[in-house]
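Data block for run_32.txt (compact mmCIF, C-alpha atoms):
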```txt
# COMPACT_ATOMS: atom_id res chain seq x y z
CA MET U 42 -53.73 -6.56 -11.30
CA SER U 43 -51.45 -3.68 -12.20
CA PRO U 44 -52.37 -1.33 -15.08
CA ALA U 45 -51.20 -2.27 -18.56
CA GLY U 46 -47.60 -1.29 -19.10
CA SER U 47 -46.80 -0.88 -15.40
CA ARG U 48 -44.61 -3.22 -13.41
CA GLN U 49 -44.57 -4.07 -9.74
CA PRO U 50 -41.20 -3.37 -8.04
CA PRO U 51 -39.43 -6.61 -7.11
CA ALA U 52 -39.56 -7.62 -3.48
CA ARG U 53 -36.36 -7.25 -1.49
CA PRO U 54 -34.38 -10.48 -1.18
CA GLY U 55 -35.64 -12.42 1.81
CA SER U 56 -38.84 -10.38 2.12
CA GLU U 57 -42.43 -11.27 1.30
CA THR U 58 -45.72 -9.43 1.33
CA LEU U 59 -48.26 -10.38 3.97
CA GLY U 60 -50.44 -11.82 1.21
CA GLY U 61 -47.59 -14.01 0.01
CA ILE U 62 -46.92 -15.30 3.51
CA LEU U 63 -50.59 -16.12 4.01
CA ASP U 64 -50.66 -17.88 0.63
CA ARG U 65 -47.69 -20.03 1.61
CA PHE U 66 -49.31 -20.88 4.94
CA GLY U 67 -52.56 -21.72 3.14
CA GLU U 68 -50.67 -23.90 0.68
CA CYS U 69 -49.09 -25.85 3.55
CA LEU U 70 -52.54 -26.47 5.05
CA TYR U 71 -53.88 -27.49 1.64
CA ARG U 72 -51.04 -29.97 1.07
CA SER U 73 -51.67 -31.44 4.54
CA GLY U 74 -55.30 -31.97 3.55
CA LEU U 75 -54.18 -33.72 0.36
CA ALA U 76 -51.99 -36.09 2.38
CA ALA U 77 -54.95 -36.97 4.62
CA ALA U 78 -57.19 -37.51 1.58
CA ARG U 79 -54.63 -39.91 0.08
CA LEU U 80 -54.81 -42.07 3.21
CA VAL U 81 -58.61 -42.12 3.17
CA ALA U 82 -58.74 -43.05 -0.54
CA ALA U 83 -55.91 -45.57 -0.48
CA ARG U 84 -58.24 -48.31 -1.73
CA ALA U 85 -60.08 -47.10 -4.82
CA GLN U 86 -63.17 -49.11 -5.70
CA ARG U 87 -64.01 -50.38 -9.18
CA VAL U 88 -67.44 -50.06 -10.74
CA ALA U 89 -68.95 -53.49 -11.26
CA GLY U 90 -69.71 -54.26 -14.89
CA ALA U 91 -68.24 -51.10 -16.47
CA ALA U 92 -64.94 -49.60 -17.57
CA VAL U 93 -64.10 -46.07 -16.44
CA VAL U 94 -62.16 -43.38 -18.28
CA SER U 95 -61.37 -40.17 -16.42
CA VAL U 96 -60.74 -36.79 -18.05
CA GLY U 97 -59.13 -34.53 -15.47
CA ASN U 98 -56.50 -31.93 -14.78
CA LEU U 99 -54.25 -30.55 -12.05
CA GLU U 100 -55.42 -26.94 -12.24
CA ILE U 101 -58.67 -25.56 -10.90
CA GLY U 102 -60.08 -25.20 -14.40
CA GLY U 103 -59.69 -24.04 -17.96
CA THR U 104 -57.85 -26.87 -19.73
CA GLY U 105 -60.79 -28.11 -21.80
CA LYS U 106 -62.07 -31.09 -19.83
CA THR U 107 -65.67 -30.72 -21.00
CA PRO U 108 -64.92 -30.70 -24.76
CA CYS U 109 -62.57 -33.65 -24.26
CA ALA U 110 -65.18 -35.58 -22.25
CA LEU U 111 -67.71 -34.94 -25.02
CA TRP U 112 -65.24 -36.29 -27.59
CA TRP U 113 -64.87 -39.47 -25.55
CA ALA U 114 -68.62 -39.87 -25.18
CA ARG U 115 -69.11 -39.58 -28.94
CA ALA U 116 -66.18 -41.87 -29.81
CA LEU U 117 -67.32 -44.63 -27.46
CA ALA U 118 -70.95 -44.34 -28.56
CA GLU U 119 -69.89 -44.61 -32.20
CA HIS U 120 -68.32 -47.96 -31.34
CA GLY U 121 -71.66 -49.15 -30.01
CA ALA U 122 -70.66 -49.20 -26.34
CA PRO U 123 -73.45 -48.25 -23.90
CA THR U 124 -71.90 -45.07 -22.51
CA ALA U 125 -72.63 -42.66 -19.68
CA VAL U 126 -70.98 -39.46 -18.46
CA VAL U 127 -70.53 -38.64 -14.79
CA CYS U 128 -69.87 -35.14 -13.49
CA ARG U 129 -70.21 -33.06 -10.38
CA PRO U 130 -72.48 -30.04 -10.89
CA TRP U 131 -70.67 -26.72 -10.68
CA GLY U 132 -71.98 -23.21 -11.13
CA PRO U 133 -75.54 -21.89 -10.96
CA PRO U 134 -78.51 -24.05 -12.00
CA ALA U 135 -79.10 -23.89 -15.75
CA ALA U 136 -81.38 -25.52 -18.32
CA GLY U 137 -82.91 -27.94 -15.83
CA GLN U 138 -79.53 -29.08 -14.47
CA ALA U 139 -77.90 -28.42 -11.10
CA GLY U 140 -74.99 -26.52 -12.70
CA ASP U 141 -73.91 -24.91 -15.96
CA GLU U 142 -71.28 -27.54 -16.81
CA ALA U 143 -73.84 -30.31 -16.37
CA ALA U 144 -76.27 -28.35 -18.55
CA LEU U 145 -73.64 -27.99 -21.26
CA LEU U 146 -72.85 -31.70 -21.19
CA ALA U 147 -76.53 -32.66 -21.28
CA ALA U 148 -77.12 -30.41 -24.29
CA ARG U 149 -74.14 -31.72 -26.26
CA LEU U 150 -74.14 -35.46 -25.51
CA PRO U 151 -75.02 -37.74 -28.45
CA PRO U 152 -78.33 -39.65 -28.40
CA GLY U 153 -78.27 -42.64 -26.08
CA VAL U 154 -75.49 -41.30 -23.84
CA HIS U 155 -76.89 -40.39 -20.44
CA LEU U 156 -75.59 -37.88 -17.91
CA PHE U 157 -75.32 -38.68 -14.19
CA ALA U 158 -74.59 -35.58 -12.13
CA GLY U 159 -74.01 -35.53 -8.39
CA LYS U 160 -71.52 -34.68 -5.66
CA ASN U 161 -70.32 -38.28 -5.23
CA LYS U 162 -68.80 -39.40 -8.54
CA ARG U 163 -68.31 -42.98 -7.37
CA ALA U 164 -71.98 -43.28 -6.42
CA GLN U 165 -73.06 -41.77 -9.74
CA ALA U 166 -70.77 -44.13 -11.67
CA ALA U 167 -72.24 -47.13 -9.83
CA ARG U 168 -75.73 -45.88 -10.62
CA ALA U 169 -74.83 -45.49 -14.31
CA ALA U 170 -73.53 -49.07 -14.40
CA ARG U 171 -76.69 -50.38 -12.76
CA GLU U 172 -78.72 -48.64 -15.46
CA GLY U 173 -76.79 -50.36 -18.24
CA ALA U 174 -73.66 -48.33 -18.97
CA ARG U 175 -70.66 -50.45 -19.95
CA VAL U 176 -68.28 -47.49 -20.28
CA ILE U 177 -68.34 -44.45 -18.00
CA VAL U 178 -66.60 -41.16 -18.81
CA VAL U 179 -65.85 -39.16 -15.66
CA ASP U 180 -65.54 -35.43 -16.24
CA ASP U 181 -62.95 -33.95 -13.85
CA GLY U 182 -62.08 -37.23 -12.17
CA PHE U 183 -58.31 -37.16 -11.58
CA ALA U 184 -58.55 -36.04 -7.96
CA HIS U 185 -61.44 -38.41 -7.21
CA ARG U 186 -59.25 -41.23 -5.93
CA ALA U 187 -62.06 -43.27 -4.42
CA LEU U 188 -63.12 -44.30 -7.93
CA ALA U 189 -60.81 -46.71 -9.77
CA ARG U 190 -60.44 -46.08 -13.47
CA ASP U 191 -59.14 -48.01 -16.48
CA LEU U 192 -57.71 -44.97 -18.23
CA ASP U 193 -56.65 -41.78 -16.47
CA LEU U 194 -56.15 -38.79 -18.77
CA VAL U 195 -54.83 -35.50 -17.42
CA LEU U 196 -55.04 -32.29 -19.45
CA LEU U 197 -52.37 -29.60 -19.08
CA ASP U 198 -51.99 -26.32 -20.94
CA ALA U 199 -49.16 -26.65 -23.46
CA ARG U 200 -48.01 -23.11 -22.77
CA ARG U 201 -47.73 -23.40 -18.98
CA PRO U 202 -48.50 -26.94 -17.83
CA PHE U 203 -48.18 -26.35 -14.08
CA GLY U 204 -48.95 -22.65 -13.79
CA ASN U 205 -46.57 -21.19 -11.23
CA GLY U 206 -45.98 -24.66 -9.80
CA ARG U 207 -47.79 -23.88 -6.54
CA CYS U 208 -50.89 -25.44 -4.95
CA LEU U 209 -53.96 -23.54 -3.83
CA PRO U 210 -54.19 -20.81 -2.67
CA ALA U 211 -50.67 -19.76 -3.69
CA GLY U 212 -51.18 -21.08 -7.22
CA PRO U 213 -53.69 -22.81 -9.49
CA LEU U 214 -52.76 -26.43 -8.75
CA ARG U 215 -55.05 -28.86 -6.94
CA GLU U 216 -52.07 -31.18 -6.39
CA PRO U 217 -48.28 -30.79 -6.72
CA PRO U 218 -46.80 -31.36 -10.20
CA GLN U 219 -45.44 -34.74 -9.10
CA ALA U 220 -49.02 -36.05 -8.89
CA ILE U 221 -48.95 -36.30 -12.69
CA ALA U 222 -46.88 -39.49 -12.31
CA ARG U 223 -50.00 -41.52 -11.51
CA ALA U 224 -51.76 -40.54 -14.78
CA ASP U 225 -51.93 -42.97 -17.69
CA VAL U 226 -51.90 -40.32 -20.42
CA VAL U 227 -51.04 -36.62 -20.42
CA VAL U 228 -52.63 -34.34 -23.01
CA LEU U 229 -51.14 -30.92 -23.72
CA SER U 230 -54.16 -28.86 -24.68
CA ARG U 231 -54.19 -25.61 -26.65
CA ALA U 232 -51.07 -26.94 -28.35
CA ASP U 233 -51.90 -24.90 -31.46
CA ARG U 234 -51.29 -21.75 -29.42
CA ALA U 235 -47.85 -22.92 -28.28
CA GLY U 236 -44.72 -22.66 -30.38
CA LEU U 237 -42.41 -25.60 -30.93
CA ALA U 238 -40.09 -24.43 -28.15
CA ASP U 239 -43.04 -24.09 -25.74
CA ARG U 240 -44.21 -27.61 -26.56
CA ARG U 241 -40.75 -29.03 -25.95
CA ARG U 242 -40.47 -27.14 -22.69
CA ALA U 243 -43.86 -28.43 -21.56
CA ARG U 244 -42.91 -32.01 -22.38
CA ASP U 245 -39.65 -31.61 -20.46
CA GLN U 246 -41.53 -30.24 -17.43
CA VAL U 247 -44.00 -33.12 -17.48
CA ARG U 248 -41.20 -35.68 -17.70
CA ALA U 249 -39.27 -33.92 -14.93
CA ALA U 250 -42.35 -34.20 -12.71
CA GLY U 251 -42.11 -37.99 -13.02
CA PHE U 252 -44.58 -38.88 -15.79
CA ARG U 253 -43.39 -41.70 -18.04
CA GLY U 254 -46.47 -42.49 -20.11
CA PRO U 255 -47.58 -41.26 -23.55
CA LEU U 256 -47.97 -37.55 -24.27
CA LEU U 257 -50.48 -36.19 -26.79
CA HIS U 258 -51.23 -32.74 -28.21
CA ALA U 259 -54.71 -31.38 -28.83
CA ARG U 260 -56.50 -28.11 -29.47
CA HIS U 261 -59.89 -26.45 -29.06
CA ARG U 262 -61.08 -26.01 -32.62
CA VAL U 263 -63.68 -23.33 -33.28
CA ALA U 264 -66.48 -25.10 -35.15
CA GLY U 265 -68.37 -21.91 -35.89
CA VAL U 266 -70.59 -19.19 -34.50
CA ARG U 267 -74.15 -20.14 -33.57
CA ASP U 268 -77.17 -17.87 -33.50
CA ALA U 269 -80.92 -18.32 -33.85
CA GLU U 270 -80.48 -19.24 -37.52
CA GLY U 271 -77.91 -21.99 -36.94
CA LEU U 272 -74.15 -22.53 -37.07
CA HIS U 273 -72.08 -20.27 -39.33
CA PRO U 274 -68.38 -20.29 -40.21
CA PRO U 275 -66.42 -17.68 -38.26
CA GLY U 276 -65.63 -14.70 -40.45
CA GLY U 277 -64.30 -11.22 -39.90
CA GLN U 278 -67.47 -9.90 -38.26
CA PRO U 279 -67.01 -7.64 -35.24
CA VAL U 280 -67.88 -9.12 -31.84
CA TYR U 281 -67.82 -8.00 -28.24
CA CYS U 282 -66.93 -10.90 -25.92
CA VAL U 283 -68.54 -11.33 -22.52
CA SER U 284 -67.78 -14.46 -20.52
CA GLY U 285 -67.56 -16.18 -17.15
CA LEU U 286 -64.81 -18.75 -17.67
CA ALA U 287 -61.92 -20.14 -15.65
CA ARG U 288 -59.38 -18.24 -17.77
CA ALA U 289 -59.94 -14.53 -18.21
CA GLY U 290 -59.75 -13.49 -21.84
CA GLU U 291 -60.04 -17.07 -23.17
CA LEU U 292 -63.17 -16.35 -25.22
CA ALA U 293 -61.67 -13.25 -26.83
CA GLU U 294 -58.42 -15.08 -27.63
CA ALA U 295 -60.23 -18.03 -29.22
CA ALA U 296 -62.49 -15.69 -31.21
CA ALA U 297 -59.57 -13.67 -32.55
CA LEU U 298 -57.65 -16.80 -33.54
CA ALA U 299 -60.74 -18.01 -35.41
CA GLY U 300 -60.80 -14.83 -37.49
CA LEU U 301 -63.45 -12.80 -35.67
CA ARG U 302 -62.75 -9.12 -35.07
CA VAL U 303 -62.85 -8.57 -31.32
CA VAL U 304 -63.74 -4.94 -30.56
CA GLY U 305 -63.74 -5.45 -26.79
CA GLU U 306 -64.26 -7.97 -24.04
CA ARG U 307 -65.38 -8.31 -20.43
CA SER U 308 -64.35 -11.32 -18.35
CA TYR U 309 -65.99 -12.40 -15.12
CA ALA U 310 -65.20 -15.21 -12.67
CA ASP U 311 -65.86 -18.81 -13.66
CA HIS U 312 -69.58 -19.77 -13.64
CA HIS U 313 -70.58 -16.13 -13.22
CA ALA U 314 -74.30 -15.42 -13.66
CA PHE U 315 -74.56 -12.09 -15.47
CA THR U 316 -76.76 -9.53 -13.76
CA PRO U 317 -79.18 -7.42 -15.85
CA ALA U 318 -76.88 -4.42 -15.31
CA GLU U 319 -73.82 -6.35 -16.49
CA TRP U 320 -75.63 -7.63 -19.56
CA GLU U 321 -76.89 -4.14 -20.38
CA HIS U 322 -73.33 -2.81 -20.07
CA ALA U 323 -72.15 -5.46 -22.54
CA ARG U 324 -75.01 -4.63 -24.93
CA ARG U 325 -74.07 -0.97 -24.95
CA ALA U 326 -70.37 -1.71 -25.43
CA ALA U 327 -71.17 -4.00 -28.36
CA ARG U 328 -73.47 -1.46 -29.92
CA ALA U 329 -70.85 1.28 -29.55
CA GLY U 330 -68.38 -0.91 -31.43
CA GLY U 331 -70.87 -1.90 -34.13
CA ALA U 332 -70.55 -5.50 -32.97
CA ARG U 333 -72.61 -8.50 -31.90
CA LEU U 334 -72.37 -9.93 -28.40
CA LEU U 335 -70.39 -13.18 -28.28
CA VAL U 336 -70.53 -15.73 -25.44
CA SER U 337 -69.09 -19.19 -24.89
CA ALA U 338 -71.23 -22.32 -24.96
CA LYS U 339 -70.97 -22.59 -21.17
CA ASP U 340 -72.10 -18.98 -20.80
CA ALA U 341 -74.98 -19.60 -23.18
CA VAL U 342 -76.68 -22.22 -20.99
CA ARG U 343 -76.89 -19.64 -18.18
CA LEU U 344 -78.60 -16.98 -20.29
CA ALA U 345 -82.30 -16.24 -20.28
CA PRO U 346 -83.95 -16.83 -23.68
CA ALA U 347 -84.25 -13.09 -24.39
CA ALA U 348 -80.56 -12.50 -23.71
CA LEU U 349 -79.52 -15.57 -25.70
CA ALA U 350 -81.52 -14.29 -28.69
CA GLU U 351 -79.29 -11.20 -28.71
CA ALA U 352 -76.01 -13.09 -28.65
CA GLN U 353 -73.89 -15.35 -30.77
CA VAL U 354 -72.27 -18.46 -29.31
CA LEU U 355 -68.72 -19.54 -30.09
CA GLU U 356 -68.92 -23.32 -30.57
CA VAL U 357 -65.69 -25.17 -29.78
CA GLU U 358 -64.83 -28.83 -30.44
CA TRP U 359 -62.01 -31.04 -29.20
CA GLU U 360 -59.45 -32.00 -31.85
CA TRP U 361 -56.42 -34.26 -31.47
CA LEU U 362 -53.22 -33.12 -33.19
CA ASP U 363 -50.42 -35.65 -32.64
CA GLY U 364 -48.69 -37.61 -29.93
CA ASP U 365 -46.94 -40.73 -28.74
CA VAL U 366 -50.05 -42.83 -29.32
CA GLY U 367 -53.17 -42.42 -31.42
CA PRO U 368 -56.47 -41.59 -29.67
CA GLU U 369 -58.14 -44.56 -31.36
CA THR U 370 -55.68 -46.84 -29.58
CA LEU U 371 -56.82 -45.36 -26.27
CA VAL U 372 -60.47 -45.90 -27.22
CA GLU U 373 -59.73 -49.55 -28.03
CA ARG U 374 -58.02 -49.92 -24.66
CA VAL U 375 -61.14 -48.72 -22.85
CA LEU U 376 -63.44 -50.92 -24.96
CA ALA U 377 -61.26 -53.94 -24.20
CA ALA U 378 -61.51 -53.18 -20.48
CA ALA U 379 -65.29 -52.98 -20.79
CA GLU U 380 -65.36 -56.36 -22.53
CA ALA U 381 -63.30 -57.87 -19.71
CA ARG U 382 -65.75 -56.76 -17.01
```

Mind converting the file's structure to C-alpha cells?
Amino acid sequence: MSPAGSRQPPARPGSETLGGILDRFGECLYRSGLAAARLVAARAQRVAGAAVVSVGNLEIGGTGKTPCALWWARALAEHGAPTAVVCRPWGPPAAGQAGDEAALLAARLPPGVHLFAGKNKRAQAARAAREGARVIVVDDGFAHRALARDLDLVLLDARRPFGNGRCLPAGPLREPPQAIARADVVVLSRADRAGLADRRRARDQVRAAGFRGPLLHARHRVAGVRDAEGLHPPGGQPVYCVSGLARAGELAEAAALAGLRVVGERSYADHHAFTPAEWEHARRAARAGGARLLVSAKDAVRLAPAALAEAQVLEVEWEWLDGDVGPETLVERVLAAAEAR
C-alpha cells in the first residue's frame, strides 16, 4: 500500500506489472475451477425433513454474514421452529470450537438453537435434520452448490457490491458478478454508510449483473460496548482499536460512527491470533492515548481471559432498513417450506 497522500503513477497503455499479469493468469485458473465445480454440483441435494436458508456472499468476507445468520436463527426460533445453524469452521480454535466464527455463533445463538460445524455443510445439515431441526440456517452457503436451499440470500456491500469486479486472486470475488442471478434475495449491507447515489448505483450494478429478485437494505447496528461489568451504550470515550477482520479498518469505522473517539487502530489479517508482542504493542498505544482497548466480538473469542479482561468489545447486531419485501415475509416463506417437508 502506498503512503497516505501519495499516488502510484498510472501504467502505460497496453502495459501491466508482472504482479498484474500473474493475477490475471491466476484468475483464469480460478474461473476454470469454478466451471468444473459447477459440473460436479449440477444436482444439488435437499435435506430430508427440513427447510434450508442460506446466508452467503460473493466476496471472500466482510459483508456481515454472521450477524445476519444470527438474526435468522433468532427470528425462526421465535416462531417456534426447531432451528439449527450450519457453518464451516474458519480461523484458529477458540472457546471450545474449531474456529473463531463457530465460537462466535455458539456464544450468540438463542437457547434451543444448535450449531453444527464441519467442512461438509451438506453432511452437517443432514445431521442437524436427523437430530430434529426443521429449519437450517447455513452461514456462508452461497457457493456450496451441493446443498439445495429454499431461500438463498446474498449479502453485498452497498458501497461497492462487487469490489473491483474481478475473481480471486485478481480481486475479492469468489464468483463472477453474474453469479448473483441465481440468488433469491440480495441484501445491500452497510447501507447506512452509503449515500442515496451509492445505493442507486449499487442497485443498478446488481440488476446489470442479471439479478431480478427483491433487493433489501440493512446495516450493522452497534448495540453497545461490553466489558466485565456488562453492556454499555457507546459514548464519547476514547478507544484504541485492534482487530483481525476481513476488512481492514472496519472496527475503527464502526466505532467512530457509533460515537466512540478512536485515538488509533491496528488491523491484522482476518482470523489473526494476536501474539503477546502484538497485544503489548496495542496496550501501550492505548495507554499513550489515554484510551481503552477495543476489539470486535469475533476478536474477543480468540483472546485469553487475561487479555479479554483488559479490553472492551464492540457488540454489533443485524438490522433491516427497507427493501422490496419485508424480512418477515421471507421468514414466513421459509416456515412454509418447512411445513411442506

Considering all atoms listed in the file, state which residue in the set U:Ala269, U:Leu146, U:Ile221, U:Val195 is at the smallest distance from Ala158 (chain U).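 Of all the options, U:Leu146 lies closest to Ala158 (chain U).
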
Find the residues around Ala347 (chain U) up to 12 Å (all atoms listed in the file counted), leave out those fewer than 5 positions away in its own chain, and share them as a CSV table (one decimal) with C-alpha atoms, keeping the file's coordinate frame.
```csv
chain,number,residue,atom,x,y,z
U,269,ALA,CA,-80.9,-18.3,-33.8
U,317,PRO,CA,-79.2,-7.4,-15.8
U,320,TRP,CA,-75.6,-7.6,-19.6
U,341,ALA,CA,-75.0,-19.6,-23.2
U,352,ALA,CA,-76.0,-13.1,-28.6
```

Can you tell me, as a list in words, what residues are no more than 8 Å from Arg343 (chain U) when counting all atoms listed in the file, ignoring any on the same chain fewer than 6 positions away?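 In the requested format, the answer is Pro133, Pro134, Ala135, Ala136, Asp141 and Ala314 of chain U.
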
Neighbours of point (-60.7, -14.4, -19.1) within 9 Å, using only C-alpha atoms, written as a PDB file with C-alpha atoms, in the frame of the given file:
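Written out: selection-v2.pdb:
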```pdb
ATOM      1  CA  SER U 284     -67.780 -14.460 -20.520  1.00  0.00           C
ATOM      2  CA  GLY U 285     -67.560 -16.180 -17.150  1.00  0.00           C
ATOM      3  CA  LEU U 286     -64.810 -18.750 -17.670  1.00  0.00           C
ATOM      4  CA  ALA U 287     -61.920 -20.140 -15.650  1.00  0.00           C
ATOM      5  CA  ARG U 288     -59.380 -18.240 -17.770  1.00  0.00           C
ATOM      6  CA  ALA U 289     -59.940 -14.530 -18.210  1.00  0.00           C
ATOM      7  CA  GLY U 290     -59.750 -13.490 -21.840  1.00  0.00           C
ATOM      8  CA  GLU U 291     -60.040 -17.070 -23.170  1.00  0.00           C
ATOM      9  CA  LEU U 292     -63.170 -16.350 -25.220  1.00  0.00           C
ATOM     10  CA  ALA U 293     -61.670 -13.250 -26.830  1.00  0.00           C
ATOM     11  CA  GLU U 294     -58.420 -15.080 -27.630  1.00  0.00           C
ATOM     12  CA  GLU U 306     -64.260  -7.970 -24.040  1.00  0.00           C
ATOM     13  CA  ARG U 307     -65.380  -8.310 -20.430  1.00  0.00           C
ATOM     14  CA  SER U 308     -64.350 -11.320 -18.350  1.00  0.00           C
ATOM     15  CA  TYR U 309     -65.990 -12.400 -15.120  1.00  0.00           C
ATOM     16  CA  ALA U 310     -65.200 -15.210 -12.670  1.00  0.00           C
ATOM     17  CA  ASP U 311     -65.860 -18.810 -13.660  1.00  0.00           C
TER      18      ASP U 311
END
```

Fewer than 4 positions away in the same chain doesn't count, so skip those; otherwise give me all residues within 12 Å of Gly236 (chain U), counting only C-alpha atoms, as a list in words. Ala199, Arg200, Arg201, Arg231, Ala232, Arg240, Arg241, Arg242 and Ala243 of chain U

Record the distance separating CA of Pro123 (chain U) and CA of Ala174 (chain U), expressed in Å with one decimal. 4.9 Å

Any idea what's packed within 10 Å of Val354 (chain U), counting all atoms listed in the file, ignoring anything in its chain fewer than 4 positions away? Could you give it as a CSV table (one decimal) with C-alpha atoms, in the coordinates of the input?
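Result file is around31.csv:
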```csv
chain,number,residue,atom,x,y,z
U,265,GLY,CA,-68.4,-21.9,-35.9
U,266,VAL,CA,-70.6,-19.2,-34.5
U,267,ARG,CA,-74.2,-20.1,-33.6
U,268,ASP,CA,-77.2,-17.9,-33.5
U,269,ALA,CA,-80.9,-18.3,-33.8
U,272,LEU,CA,-74.2,-22.5,-37.1
U,282,CYS,CA,-66.9,-10.9,-25.9
U,334,LEU,CA,-72.4,-9.9,-28.4
U,335,LEU,CA,-70.4,-13.2,-28.3
U,336,VAL,CA,-70.5,-15.7,-25.4
U,337,SER,CA,-69.1,-19.2,-24.9
U,338,ALA,CA,-71.2,-22.3,-25.0
U,339,LYS,CA,-71.0,-22.6,-21.2
U,340,ASP,CA,-72.1,-19.0,-20.8
U,341,ALA,CA,-75.0,-19.6,-23.2
U,349,LEU,CA,-79.5,-15.6,-25.7
```

Select, from U:Leu362, U:Ala85, U:Val280, U:Ala379, the residue with the minimum atom-to-atom distance to Ala323 (chain U), counting only C-alpha atoms.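 Result for the nearest residue to Ala323 (chain U): U:Val280.
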
From the coordinates I just gave you, please extract region 90-110 of chain U so that only N, CA and C atoms remain, then output it as a short mmCIF file (atom, residue, chain, number, x, y, z; two decimals), in the first residue's frame.
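As a result, part-v8.cif now contains:
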```cif
data_model
loop_
_atom_site.label_atom_id
_atom_site.label_comp_id
_atom_site.auth_asym_id
_atom_site.auth_seq_id
_atom_site.Cartn_x
_atom_site.Cartn_y
_atom_site.Cartn_z
N GLY U 90 -36.72 -33.57 5.41
CA GLY U 90 -37.41 -33.16 6.62
C GLY U 90 -37.12 -31.76 7.12
N ALA U 91 -36.36 -30.96 6.37
CA ALA U 91 -36.02 -29.61 6.85
C ALA U 91 -35.93 -28.64 5.69
N ALA U 92 -36.27 -27.38 5.97
CA ALA U 92 -36.06 -26.29 5.02
C ALA U 92 -34.70 -25.67 5.28
N VAL U 93 -34.10 -25.13 4.23
CA VAL U 93 -32.75 -24.57 4.34
C VAL U 93 -32.76 -23.13 3.84
N VAL U 94 -32.20 -22.23 4.65
CA VAL U 94 -31.98 -20.85 4.24
C VAL U 94 -30.48 -20.58 4.29
N SER U 95 -29.94 -20.06 3.21
CA SER U 95 -28.51 -19.79 3.14
C SER U 95 -28.25 -18.29 3.22
N VAL U 96 -27.27 -17.91 4.02
CA VAL U 96 -26.80 -16.53 4.11
C VAL U 96 -25.37 -16.51 3.58
N GLY U 97 -25.18 -15.96 2.39
CA GLY U 97 -23.87 -16.01 1.78
C GLY U 97 -23.46 -14.69 1.15
N ASN U 98 -22.35 -14.74 0.42
CA ASN U 98 -21.90 -13.55 -0.29
C ASN U 98 -21.05 -13.97 -1.49
N LEU U 99 -20.60 -13.00 -2.26
CA LEU U 99 -19.72 -13.27 -3.39
C LEU U 99 -18.26 -12.98 -3.05
N GLU U 100 -18.04 -12.11 -2.07
CA GLU U 100 -16.68 -11.76 -1.69
C GLU U 100 -16.11 -12.77 -0.71
N ILE U 101 -14.82 -12.64 -0.43
CA ILE U 101 -14.17 -13.58 0.47
C ILE U 101 -14.47 -13.29 1.94
N GLY U 102 -15.16 -12.22 2.22
CA GLY U 102 -15.54 -11.96 3.61
C GLY U 102 -15.88 -10.50 3.84
N GLY U 103 -16.48 -10.24 5.02
CA GLY U 103 -16.65 -8.87 5.45
C GLY U 103 -17.97 -8.21 5.12
N THR U 104 -19.00 -8.98 4.72
CA THR U 104 -20.28 -8.34 4.42
C THR U 104 -21.30 -8.49 5.55
N GLY U 105 -20.94 -9.22 6.60
CA GLY U 105 -21.85 -9.33 7.74
C GLY U 105 -22.67 -10.60 7.77
N LYS U 106 -22.15 -11.69 7.22
CA LYS U 106 -22.92 -12.93 7.18
C LYS U 106 -23.26 -13.43 8.57
N THR U 107 -22.31 -13.39 9.49
CA THR U 107 -22.55 -13.95 10.83
C THR U 107 -23.65 -13.20 11.57
N PRO U 108 -23.63 -11.86 11.64
CA PRO U 108 -24.76 -11.17 12.28
C PRO U 108 -26.10 -11.45 11.62
N CYS U 109 -26.10 -11.58 10.29
CA CYS U 109 -27.34 -11.87 9.57
C CYS U 109 -27.81 -13.29 9.89
N ALA U 110 -26.90 -14.26 9.92
CA ALA U 110 -27.27 -15.63 10.25
C ALA U 110 -27.84 -15.71 11.67
#
```
